[in-house]
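With mmCIF, C-alpha atoms; chains and numbers go by the auth columns inside, this is work_39.cif:
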data_protein
loop_
_atom_site.group_PDB
_atom_site.id
_atom_site.type_symbol
_atom_site.label_atom_id
_atom_site.label_comp_id
_atom_site.label_asym_id
_atom_site.label_seq_id
_atom_site.Cartn_x
_atom_site.Cartn_y
_atom_site.Cartn_z
_atom_site.B_iso_or_equiv
_atom_site.auth_seq_id
_atom_site.auth_asym_id
ATOM 1 C CA MET A 1 131.506 68.971 180.047 0.00 1183 A
ATOM 2 C CA LYS A 2 130.048 71.091 182.836 0.00 1184 A
ATOM 3 C CA ALA A 3 131.260 74.241 181.046 0.00 1185 A
ATOM 4 C CA LEU A 4 129.043 73.313 178.059 0.00 1186 A
ATOM 5 C CA ALA A 5 125.890 73.070 180.182 0.00 1187 A
ATOM 6 C CA SER A 6 122.754 74.800 178.974 0.00 1188 A
ATOM 7 C CA PRO A 7 119.038 74.126 179.428 0.00 1189 A
ATOM 8 C CA ALA A 8 118.769 72.769 175.866 0.00 1190 A
ATOM 9 C CA LEU A 9 121.761 70.440 176.300 0.00 1191 A
ATOM 10 C CA ASN A 10 120.460 69.374 179.708 0.00 1192 A
ATOM 11 C CA ASP A 11 117.162 68.318 178.132 0.00 1193 A
ATOM 12 C CA PHE A 12 118.861 66.632 175.168 0.00 1194 A
ATOM 13 C CA PHE A 13 121.292 64.583 177.260 0.00 1195 A
ATOM 14 C CA VAL A 14 118.646 63.585 179.812 0.00 1196 A
ATOM 15 C CA VAL A 15 116.553 62.213 176.923 0.00 1197 A
ATOM 16 C CA MET A 16 119.604 60.462 175.407 0.00 1198 A
ATOM 17 C CA SER A 17 120.387 58.940 178.789 0.00 1199 A
ATOM 18 C CA LYS A 18 116.827 57.652 179.143 0.00 1200 A
ATOM 19 C CA LEU A 19 116.921 56.267 175.587 0.00 1201 A
ATOM 20 C CA GLY A 20 120.143 54.536 176.613 0.00 1202 A
ATOM 21 C CA TYR A 21 118.262 52.500 179.187 0.00 1203 A
ATOM 22 C CA GLN A 22 114.607 52.555 180.234 0.00 1204 A
ATOM 23 C CA TRP A 23 113.037 54.339 177.238 0.00 1205 A
ATOM 24 C CA GLY A 24 115.095 52.745 174.464 0.00 1206 A
ATOM 25 C CA VAL A 25 117.442 49.882 175.193 0.00 1207 A
ATOM 26 C CA ILE A 26 115.180 47.724 177.364 0.00 1208 A
ATOM 27 C CA PRO A 27 112.038 48.031 175.185 0.00 1209 A
ATOM 28 C CA LEU A 28 114.072 47.449 172.008 0.00 1210 A
ATOM 29 C CA ASP A 29 115.804 44.413 173.523 0.00 1211 A
ATOM 30 C CA VAL A 30 112.407 42.866 174.308 0.00 1212 A
ATOM 31 C CA LEU A 31 110.990 43.865 170.902 0.00 1213 A
ATOM 32 C CA ILE A 32 113.922 42.357 168.992 0.00 1214 A
ATOM 33 C CA VAL A 33 113.820 39.029 170.829 0.00 1215 A
ATOM 34 C CA GLY A 34 110.017 38.861 170.567 0.00 1216 A
ATOM 35 C CA THR A 35 110.040 39.699 166.858 0.00 1217 A
ATOM 36 C CA LEU A 36 112.691 37.082 166.128 0.00 1218 A
ATOM 37 C CA MET A 37 110.737 34.481 168.088 0.00 1219 A
ATOM 38 C CA LEU A 38 107.493 35.309 166.251 0.00 1220 A
ATOM 39 C CA ALA A 39 109.398 34.967 162.966 0.00 1221 A
ATOM 40 C CA ARG A 40 110.677 31.576 164.194 0.00 1222 A
ATOM 41 C CA ARG A 41 114.284 32.716 163.869 0.00 1223 A
ATOM 42 C CA TRP A 42 115.213 30.617 166.889 0.00 1224 A
ATOM 43 C CA ARG A 43 118.990 30.860 166.679 0.00 1225 A
ATOM 44 C CA LYS A 44 118.923 34.622 166.124 0.00 1226 A
ATOM 45 C CA ALA A 45 116.431 35.042 168.976 0.00 1227 A
ATOM 46 C CA ALA A 46 118.650 32.936 171.247 0.00 1228 A
ATOM 47 C CA PHE A 47 121.679 34.994 170.219 0.00 1229 A
ATOM 48 C CA ALA A 48 119.938 38.308 170.933 0.00 1230 A
ATOM 49 C CA ALA A 49 118.476 37.111 174.248 0.00 1231 A
ATOM 50 C CA THR A 50 121.837 35.721 175.370 0.00 1232 A
ATOM 51 C CA ALA A 51 123.607 38.924 174.332 0.00 1233 A
ATOM 52 C CA PHE A 52 121.109 41.166 176.143 0.00 1234 A
ATOM 53 C CA VAL A 53 120.638 39.166 179.349 0.00 1235 A
ATOM 54 C CA GLY A 54 124.283 38.158 179.606 0.00 1236 A
ATOM 55 C CA SER A 55 125.433 41.739 179.157 0.00 1237 A
ATOM 56 C CA ALA A 56 123.110 42.950 181.920 0.00 1238 A
ATOM 57 C CA LEU A 57 124.310 40.229 184.289 0.00 1239 A
ATOM 58 C CA LEU A 58 127.946 40.924 183.416 0.00 1240 A
ATOM 59 C CA ASN A 59 127.375 44.608 184.145 0.00 1241 A
ATOM 60 C CA VAL A 60 125.738 44.030 187.524 0.00 1242 A
ATOM 61 C CA GLY A 61 128.430 41.536 188.528 0.00 1243 A
ATOM 62 C CA SER A 62 131.248 43.821 187.389 0.00 1244 A
ATOM 63 C CA LYS A 63 129.846 46.744 189.378 0.00 1245 A
ATOM 64 C CA GLN A 64 129.895 44.562 192.496 0.00 1246 A
ATOM 65 C CA ILE A 65 133.477 43.478 191.856 0.00 1247 A
ATOM 66 C CA PHE A 66 134.901 46.938 191.104 0.00 1248 A
ATOM 67 C CA GLN A 67 132.657 48.995 193.430 0.00 1249 A
ATOM 68 C CA ARG A 68 133.858 52.275 191.953 0.00 1250 A
ATOM 69 C CA GLU A 69 132.182 55.367 193.367 0.00 1251 A
ATOM 70 C CA ARG A 70 130.599 57.810 190.955 0.00 1252 A
ATOM 71 C CA PRO A 71 132.235 61.160 190.176 0.00 1253 A
ATOM 72 C CA THR A 72 131.400 64.050 192.477 0.00 1254 A
ATOM 73 C CA LEU A 73 132.797 66.875 190.362 0.00 1255 A
ATOM 74 C CA TRP A 74 129.425 68.680 190.318 0.00 1256 A
ATOM 75 C CA GLU A 75 125.859 68.026 191.371 0.00 1257 A
ATOM 76 C CA SER A 76 124.158 65.992 188.655 0.00 1258 A
ATOM 77 C CA ILE A 77 120.706 66.830 187.322 0.00 1259 A
ATOM 78 C CA ALA A 78 120.187 63.057 186.976 0.00 1260 A
ATOM 79 C CA PRO A 79 121.891 61.507 190.026 0.00 1261 A
ATOM 80 C CA GLU A 80 122.568 57.781 190.275 0.00 1262 A
ATOM 81 C CA SER A 81 123.039 55.653 193.369 0.00 1263 A
ATOM 82 C CA THR A 82 124.709 52.482 192.079 0.00 1264 A
ATOM 83 C CA PHE A 83 128.391 51.925 191.446 0.00 1265 A
ATOM 84 C CA SER A 84 130.030 53.590 188.479 0.00 1266 A
ATOM 85 C CA PHE A 85 132.236 51.048 186.672 0.00 1267 A
ATOM 86 C CA PRO A 86 131.382 49.857 184.076 0.00 1268 A
ATOM 87 C CA SER A 87 128.613 52.119 182.818 0.00 1269 A
ATOM 88 C CA GLY A 88 125.408 50.137 182.404 0.00 1270 A
ATOM 89 C CA HIS A 89 124.071 52.660 179.891 0.00 1271 A
ATOM 90 C CA ALA A 90 127.224 52.430 177.782 0.00 1272 A
ATOM 91 C CA MET A 91 127.256 48.647 178.020 0.00 1273 A
ATOM 92 C CA GLY A 92 123.541 48.267 177.270 0.00 1274 A
ATOM 93 C CA SER A 93 123.579 50.661 174.328 0.00 1275 A
ATOM 94 C CA MET A 94 126.659 48.996 172.831 0.00 1276 A
ATOM 95 C CA THR A 95 125.132 45.550 173.346 0.00 1277 A
ATOM 96 C CA LEU A 96 121.942 46.617 171.558 0.00 1278 A
ATOM 97 C CA ALA A 97 123.804 48.406 168.774 0.00 1279 A
ATOM 98 C CA LEU A 98 126.268 45.616 168.042 0.00 1280 A
ATOM 99 C CA THR A 99 123.561 42.947 168.210 0.00 1281 A
ATOM 100 C CA VAL A 100 121.455 44.865 165.678 0.00 1282 A
ATOM 101 C CA VAL A 101 124.500 45.435 163.447 0.00 1283 A
ATOM 102 C CA LEU A 102 125.342 41.724 163.473 0.00 1284 A
ATOM 103 C CA LEU A 103 121.736 40.752 162.742 0.00 1285 A
ATOM 104 C CA ALA A 104 121.503 43.320 159.918 0.00 1286 A
ATOM 105 C CA TRP A 105 124.938 42.605 158.447 0.00 1287 A
ATOM 106 C CA PRO A 106 123.818 40.158 155.719 0.00 1288 A
ATOM 107 C CA THR A 107 121.093 42.580 154.575 0.00 1289 A
ATOM 108 C CA ARG A 108 121.029 45.772 152.536 0.00 1290 A
ATOM 109 C CA TRP A 109 120.392 47.668 155.805 0.00 1291 A
ATOM 110 C CA ARG A 110 123.893 47.063 157.182 0.00 1292 A
ATOM 111 C CA TRP A 111 125.346 50.541 156.583 0.00 1293 A
ATOM 112 C CA PRO A 112 122.348 52.578 157.767 0.00 1294 A
ATOM 113 C CA VAL A 113 122.290 50.379 160.884 0.00 1295 A
ATOM 114 C CA VAL A 114 126.038 50.887 161.440 0.00 1296 A
ATOM 115 C CA VAL A 115 125.610 54.680 161.208 0.00 1297 A
ATOM 116 C CA TRP A 116 122.613 54.613 163.592 0.00 1298 A
ATOM 117 C CA ALA A 117 124.486 52.318 165.997 0.00 1299 A
ATOM 118 C CA LEU A 118 127.592 54.507 166.150 0.00 1300 A
ATOM 119 C CA LEU A 119 125.588 57.690 166.653 0.00 1301 A
ATOM 120 C CA PHE A 120 123.401 56.101 169.327 0.00 1302 A
ATOM 121 C CA VAL A 121 126.280 54.597 171.296 0.00 1303 A
ATOM 122 C CA VAL A 122 128.373 57.780 171.220 0.00 1304 A
ATOM 123 C CA LEU A 123 125.450 60.012 172.253 0.00 1305 A
ATOM 124 C CA VAL A 124 124.450 57.721 175.130 0.00 1306 A
ATOM 125 C CA GLY A 125 128.060 57.588 176.331 0.00 1307 A
ATOM 126 C CA LEU A 126 128.432 61.365 176.110 0.00 1308 A
ATOM 127 C CA SER A 127 125.153 61.847 177.964 0.00 1309 A
ATOM 128 C CA ARG A 128 126.478 59.939 180.965 0.00 1310 A
ATOM 129 C CA ILE A 129 129.635 62.070 181.131 0.00 1311 A
ATOM 130 C CA TYR A 130 127.692 65.306 180.523 0.00 1312 A
ATOM 131 C CA LEU A 131 125.308 64.437 183.359 0.00 1313 A
ATOM 132 C CA GLY A 132 128.298 63.927 185.656 0.00 1314 A
ATOM 133 C CA VAL A 133 127.430 60.363 186.637 0.00 1315 A
ATOM 134 C CA HIS A 134 130.375 58.596 184.949 0.00 1316 A
ATOM 135 C CA PHE A 135 134.054 58.963 184.332 0.00 1317 A
ATOM 136 C CA PRO A 136 135.149 58.484 180.685 0.00 1318 A
ATOM 137 C CA SER A 137 136.816 55.203 181.716 0.00 1319 A
ATOM 138 C CA ASP A 138 133.412 53.905 182.916 0.00 1320 A
ATOM 139 C CA ILE A 139 132.033 54.481 179.417 0.00 1321 A
ATOM 140 C CA LEU A 140 135.027 52.884 177.697 0.00 1322 A
ATOM 141 C CA GLY A 141 134.866 49.928 180.084 0.00 1323 A
ATOM 142 C CA GLY A 142 131.176 49.390 179.330 0.00 1324 A
ATOM 143 C CA TRP A 143 131.762 49.615 175.578 0.00 1325 A
ATOM 144 C CA CYS A 144 134.697 47.192 175.663 0.00 1326 A
ATOM 145 C CA ALA A 145 132.911 44.662 177.869 0.00 1327 A
ATOM 146 C CA ALA A 146 129.858 44.738 175.581 0.00 1328 A
ATOM 147 C CA LEU A 147 131.992 44.350 172.443 0.00 1329 A
ATOM 148 C CA VAL A 148 133.806 41.332 173.833 0.00 1330 A
ATOM 149 C CA TRP A 149 130.623 39.740 175.209 0.00 1331 A
ATOM 150 C CA VAL A 150 128.445 40.194 172.097 0.00 1332 A
ATOM 151 C CA LEU A 151 131.175 39.183 169.636 0.00 1333 A
ATOM 152 C CA GLY A 152 132.012 36.150 171.772 0.00 1334 A
ATOM 153 C CA VAL A 153 128.379 35.025 171.889 0.00 1335 A
ATOM 154 C CA TYR A 154 128.021 35.626 168.153 0.00 1336 A
ATOM 155 C CA LEU A 155 131.140 33.633 167.285 0.00 1337 A
ATOM 156 C CA LEU A 156 130.068 30.750 169.506 0.00 1338 A
ATOM 157 C CA MET A 157 126.589 30.619 168.035 0.00 1339 A
ATOM 158 C CA PHE A 158 127.276 31.379 164.371 0.00 1340 A
ATOM 159 C CA ARG A 159 130.805 30.236 163.636 0.00 1341 A
ATOM 160 C CA ARG A 160 131.074 27.932 160.702 0.00 1342 A
ATOM 161 C CA ARG A 161 132.333 24.532 161.500 0.00 1343 A
ATOM 162 C CA HIS A 162 134.990 23.478 159.048 0.00 1344 A
ATOM 163 C CA THR A 163 136.403 20.033 158.862 0.00 1345 A
ATOM 164 C CA LEU A 164 139.980 19.543 157.896 0.00 1346 A
ATOM 165 C CA PRO A 165 140.629 17.624 154.705 0.00 1347 A
ATOM 166 C CA ALA A 166 141.819 14.064 155.233 0.00 1348 A
#

Could you write out this structure as structure tokens?
Amino acid sequence: MKALASPALNDFFVVMSKLGYQWGVIPLDVLIVGTLMLARRWRKAAFAATAFVGSALLNVGSKQIFQRERPTLWESIAPESTFSFPSGHAMGSMTLALTVVLLAWPTRWRWPVVVWALLFVVLVGLSRIYLGVHFPSDILGGWCAALVWVLGVYLLMFRRRHTLPA
């Protein structure tokens, strides 16, 4: 990734990285939960809030358990000081994307949302590798943890309860 570096790519991936956390993920998480609450969609709001907060807590706890140092292959233009595994940006962007996909699934917006979600998650993940602050396994770990967490919360909150015939 370092061999691809250019001023334009530096700017692009710094912006993508910021959208993957403080400029995008966190404000959108709050906006989604707030909008669902204002619309009185209590179960969906509870699902989104649980997905977002739980994912963040799972990430912080996992970093403390694994305590993996960040790569030092080159000096990053956007250095980080916390542990590396799993990537919080990858986990947060996947949590947001999958939550929005699941909320949009029963609507006509499902496929545009899926395309946006995939593009967003991949670009945020690539930005963290490009910036030299994560190993690819940190990104994959964050994505996998988010997938399992969000799908688990969704299935617990929205599974249909079937009774067996007598």

query: When the PyMOL selection byres ((chain A and resi 1242) around 12) is applied to the file above, which residues end up in the set, as a ChimeraX atom specification?
result: /A:1235-1241,1243-1249,1264-1271,1273-1274,1324

Translate the PyMOL selection byres ((chain A and resi 1277) around 7) into a concrete residue list for this structure, as a PyMOL selection string. chain A and resi 1233-1234+1237+1273-1276+1278-1281+1328+1332

inquiry  = Once the PyMOL selection byres ((chain A and resi 1190-1200) around 9) has been evaluated on this model, what residues remain selected, and can you format them as a PyMOL selection string?
reply    = chain A and resi 1186-1189+1201-1207+1259-1260+1271+1302+1305-1310+1312-1313

Print the selection's residues with C-alpha atoms to a file, as a PDB file, keeping the file's coordinate frame.
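The result, written out as result28.pdb:
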ATOM      1  CA  LEU A1186     129.043  73.313 178.059  1.00  0.00           C
ATOM      2  CA  ALA A1187     125.890  73.070 180.182  1.00  0.00           C
ATOM      3  CA  SER A1188     122.754  74.800 178.974  1.00  0.00           C
ATOM      4  CA  PRO A1189     119.038  74.126 179.428  1.00  0.00           C
ATOM      5  CA  LEU A1201     116.921  56.267 175.587  1.00  0.00           C
ATOM      6  CA  GLY A1202     120.143  54.536 176.613  1.00  0.00           C
ATOM      7  CA  TYR A1203     118.262  52.500 179.187  1.00  0.00           C
ATOM      8  CA  GLN A1204     114.607  52.555 180.234  1.00  0.00           C
ATOM      9  CA  TRP A1205     113.037  54.339 177.238  1.00  0.00           C
ATOM     10  CA  GLY A1206     115.095  52.745 174.464  1.00  0.00           C
ATOM     11  CA  VAL A1207     117.442  49.882 175.193  1.00  0.00           C
ATOM     12  CA  ILE A1259     120.706  66.830 187.322  1.00  0.00           C
ATOM     13  CA  ALA A1260     120.187  63.057 186.976  1.00  0.00           C
ATOM     14  CA  HIS A1271     124.071  52.660 179.891  1.00  0.00           C
ATOM     15  CA  PHE A1302     123.401  56.101 169.327  1.00  0.00           C
ATOM     16  CA  LEU A1305     125.450  60.012 172.253  1.00  0.00           C
ATOM     17  CA  VAL A1306     124.450  57.721 175.130  1.00  0.00           C
ATOM     18  CA  GLY A1307     128.060  57.588 176.331  1.00  0.00           C
ATOM     19  CA  LEU A1308     128.432  61.365 176.110  1.00  0.00           C
ATOM     20  CA  SER A1309     125.153  61.847 177.964  1.00  0.00           C
ATOM     21  CA  ARG A1310     126.478  59.939 180.965  1.00  0.00           C
ATOM     22  CA  TYR A1312     127.692  65.306 180.523  1.00  0.00           C
ATOM     23  CA  LEU A1313     125.308  64.437 183.359  1.00  0.00           C
TER      24      LEU A1313
END

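Proximity ranking of A:Ala1272, A:Ile1311, A:Cys1326, A:Val1303 relative to Lys1184 of chain A places A:Ile1311 first, based on only C-alpha atoms.
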
So which one's closest to His1316 of chain A, A:Arg1292, A:Arg1252, A:Arg1223, A:Arg1341? Using all atoms listed in the file, please.
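Checking each of A:Arg1292, A:Arg1252, A:Arg1223, A:Arg1341 against His1316 of chain A, counting all atoms listed in the file, the winner is A:Arg1252.
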
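For the residues A:Ser1258, A:Ala1185, A:Val1330, A:Ala1286, ranking by smallest atom-to-atom distance to Ile1214 of chain A using all atoms listed in the file places A:Ala1286 first.
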
A:Phe1229, A:Ile1321, A:Arg1222, A:Val1215 ranked by distance to Val1335 of chain A, top pick (using only C-alpha atoms) =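 Closest residue, counting only C-alpha atoms: A:Phe1229.
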
One residue among A:Val1304, A:Val1295, A:Met1339, A:Leu1285 is nearest to Leu1322 of chain A when using only C-alpha atoms, and that residue is A:Val1304

Would you fill the gaps in segment 1278-1314 of chain A so it has N, CA and C atoms, then print it as an mmCIF file, keeping the file's coordinate frame?
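What ended up in part_35.cif:
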data_model
loop_
_atom_site.group_PDB
_atom_site.id
_atom_site.type_symbol
_atom_site.label_atom_id
_atom_site.label_comp_id
_atom_site.auth_asym_id
_atom_site.auth_seq_id
_atom_site.Cartn_x
_atom_site.Cartn_y
_atom_site.Cartn_z
ATOM 1 N N LEU A 1278 123.055 46.488 172.510
ATOM 2 C CA LEU A 1278 121.942 46.617 171.558
ATOM 3 C C LEU A 1278 122.461 46.946 170.171
ATOM 4 N N ALA A 1279 123.318 47.951 170.073
ATOM 5 C CA ALA A 1279 123.804 48.406 168.774
ATOM 6 C C ALA A 1279 124.557 47.309 168.037
ATOM 7 N N LEU A 1280 125.481 46.650 168.711
ATOM 8 C CA LEU A 1280 126.268 45.616 168.042
ATOM 9 C C LEU A 1280 125.405 44.411 167.676
ATOM 10 N N THR A 1281 124.463 44.056 168.523
ATOM 11 C CA THR A 1281 123.561 42.947 168.210
ATOM 12 C C THR A 1281 122.755 43.263 166.952
ATOM 13 N N VAL A 1282 122.229 44.474 166.860
ATOM 14 C CA VAL A 1282 121.455 44.865 165.678
ATOM 15 C C VAL A 1282 122.347 44.909 164.438
ATOM 16 N N VAL A 1283 123.566 45.415 164.584
ATOM 17 C CA VAL A 1283 124.500 45.435 163.447
ATOM 18 C C VAL A 1283 124.777 44.017 162.964
ATOM 19 N N LEU A 1284 125.042 43.106 163.873
ATOM 20 C CA LEU A 1284 125.342 41.724 163.473
ATOM 21 C C LEU A 1284 124.132 41.051 162.834
ATOM 22 N N LEU A 1285 122.946 41.329 163.345
ATOM 23 C CA LEU A 1285 121.736 40.752 162.742
ATOM 24 C C LEU A 1285 121.454 41.355 161.365
ATOM 25 N N ALA A 1286 121.775 42.633 161.194
ATOM 26 C CA ALA A 1286 121.503 43.320 159.918
ATOM 27 C C ALA A 1286 122.621 43.138 158.899
ATOM 28 N N TRP A 1287 123.766 42.637 159.332
ATOM 29 C CA TRP A 1287 124.938 42.605 158.447
ATOM 30 C C TRP A 1287 124.688 41.930 157.099
ATOM 31 N N PRO A 1288 124.014 40.792 157.041
ATOM 32 C CA PRO A 1288 123.818 40.158 155.719
ATOM 33 C C PRO A 1288 122.748 40.831 154.853
ATOM 34 N N THR A 1289 122.169 41.928 155.322
ATOM 35 C CA THR A 1289 121.093 42.580 154.575
ATOM 36 C C THR A 1289 121.578 43.883 153.939
ATOM 37 N N ARG A 1290 120.704 44.486 153.157
ATOM 38 C CA ARG A 1290 121.029 45.772 152.536
ATOM 39 C C ARG A 1290 120.976 46.920 153.548
ATOM 40 N N TRP A 1291 120.516 46.647 154.762
ATOM 41 C CA TRP A 1291 120.392 47.668 155.805
ATOM 42 C C TRP A 1291 121.655 47.827 156.637
ATOM 43 N N ARG A 1292 122.709 47.073 156.307
ATOM 44 C CA ARG A 1292 123.893 47.063 157.182
ATOM 45 C C ARG A 1292 124.470 48.454 157.419
ATOM 46 N N TRP A 1293 124.687 49.248 156.385
ATOM 47 C CA TRP A 1293 125.346 50.541 156.583
ATOM 48 C C TRP A 1293 124.474 51.566 157.284
ATOM 49 N N PRO A 1294 123.183 51.675 156.959
ATOM 50 C CA PRO A 1294 122.348 52.578 157.767
ATOM 51 C C PRO A 1294 122.314 52.164 159.247
ATOM 52 N N VAL A 1295 122.291 50.861 159.503
ATOM 53 C CA VAL A 1295 122.290 50.379 160.884
ATOM 54 C C VAL A 1295 123.616 50.701 161.570
ATOM 55 N N VAL A 1296 124.731 50.551 160.864
ATOM 56 C CA VAL A 1296 126.038 50.887 161.440
ATOM 57 C C VAL A 1296 126.088 52.371 161.812
ATOM 58 N N VAL A 1297 125.606 53.237 160.927
ATOM 59 C CA VAL A 1297 125.610 54.680 161.208
ATOM 60 C C VAL A 1297 124.730 54.985 162.422
ATOM 61 N N TRP A 1298 123.503 54.424 162.443
ATOM 62 C CA TRP A 1298 122.613 54.613 163.592
ATOM 63 C C TRP A 1298 123.282 54.115 164.867
ATOM 64 N N ALA A 1299 123.880 52.933 164.817
ATOM 65 C CA ALA A 1299 124.486 52.318 165.997
ATOM 66 C C ALA A 1299 125.608 53.186 166.563
ATOM 67 N N LEU A 1300 126.485 53.660 165.691
ATOM 68 C CA LEU A 1300 127.592 54.507 166.150
ATOM 69 C C LEU A 1300 127.082 55.798 166.785
ATOM 70 N N LEU A 1301 126.142 56.443 166.130
ATOM 71 C CA LEU A 1301 125.588 57.690 166.653
ATOM 72 C C LEU A 1301 124.914 57.465 168.010
ATOM 73 N N PHE A 1302 124.120 56.422 168.096
ATOM 74 C CA PHE A 1302 123.401 56.101 169.327
ATOM 75 C C PHE A 1302 124.364 55.823 170.481
ATOM 76 N N VAL A 1303 125.339 54.979 170.244
ATOM 77 C CA VAL A 1303 126.280 54.597 171.296
ATOM 78 C C VAL A 1303 127.093 55.804 171.769
ATOM 79 N N VAL A 1304 127.571 56.609 170.846
ATOM 80 C CA VAL A 1304 128.373 57.780 171.220
ATOM 81 C C VAL A 1304 127.522 58.783 172.006
ATOM 82 N N LEU A 1305 126.301 59.040 171.557
ATOM 83 C CA LEU A 1305 125.450 60.012 172.253
ATOM 84 C C LEU A 1305 125.050 59.529 173.645
ATOM 85 N N VAL A 1306 124.774 58.244 173.796
ATOM 86 C CA VAL A 1306 124.450 57.721 175.130
ATOM 87 C C VAL A 1306 125.670 57.840 176.040
ATOM 88 N N GLY A 1307 126.841 57.476 175.535
ATOM 89 C CA GLY A 1307 128.060 57.588 176.331
ATOM 90 C C GLY A 1307 128.342 59.026 176.746
ATOM 91 N N LEU A 1308 128.223 59.948 175.798
ATOM 92 C CA LEU A 1308 128.432 61.365 176.110
ATOM 93 C C LEU A 1308 127.410 61.875 177.129
ATOM 94 N N SER A 1309 126.183 61.387 177.027
ATOM 95 C CA SER A 1309 125.153 61.847 177.964
ATOM 96 C C SER A 1309 125.525 61.507 179.400
ATOM 97 N N ARG A 1310 126.138 60.358 179.605
ATOM 98 C CA ARG A 1310 126.478 59.939 180.965
ATOM 99 C C ARG A 1310 127.617 60.787 181.541
ATOM 100 N N ILE A 1311 128.546 61.190 180.680
ATOM 101 C CA ILE A 1311 129.635 62.070 181.131
ATOM 102 C C ILE A 1311 129.088 63.478 181.350
ATOM 103 N N TYR A 1312 128.290 63.967 180.409
ATOM 104 C CA TYR A 1312 127.692 65.306 180.523
ATOM 105 C C TYR A 1312 126.888 65.431 181.816
ATOM 106 N N LEU A 1313 126.133 64.396 182.158
ATOM 107 C CA LEU A 1313 125.308 64.437 183.359
ATOM 108 C C LEU A 1313 126.130 64.288 184.639
ATOM 109 N N GLY A 1314 127.415 64.003 184.499
ATOM 110 C CA GLY A 1314 128.298 63.927 185.656
ATOM 111 C C GLY A 1314 128.171 62.664 186.474
#
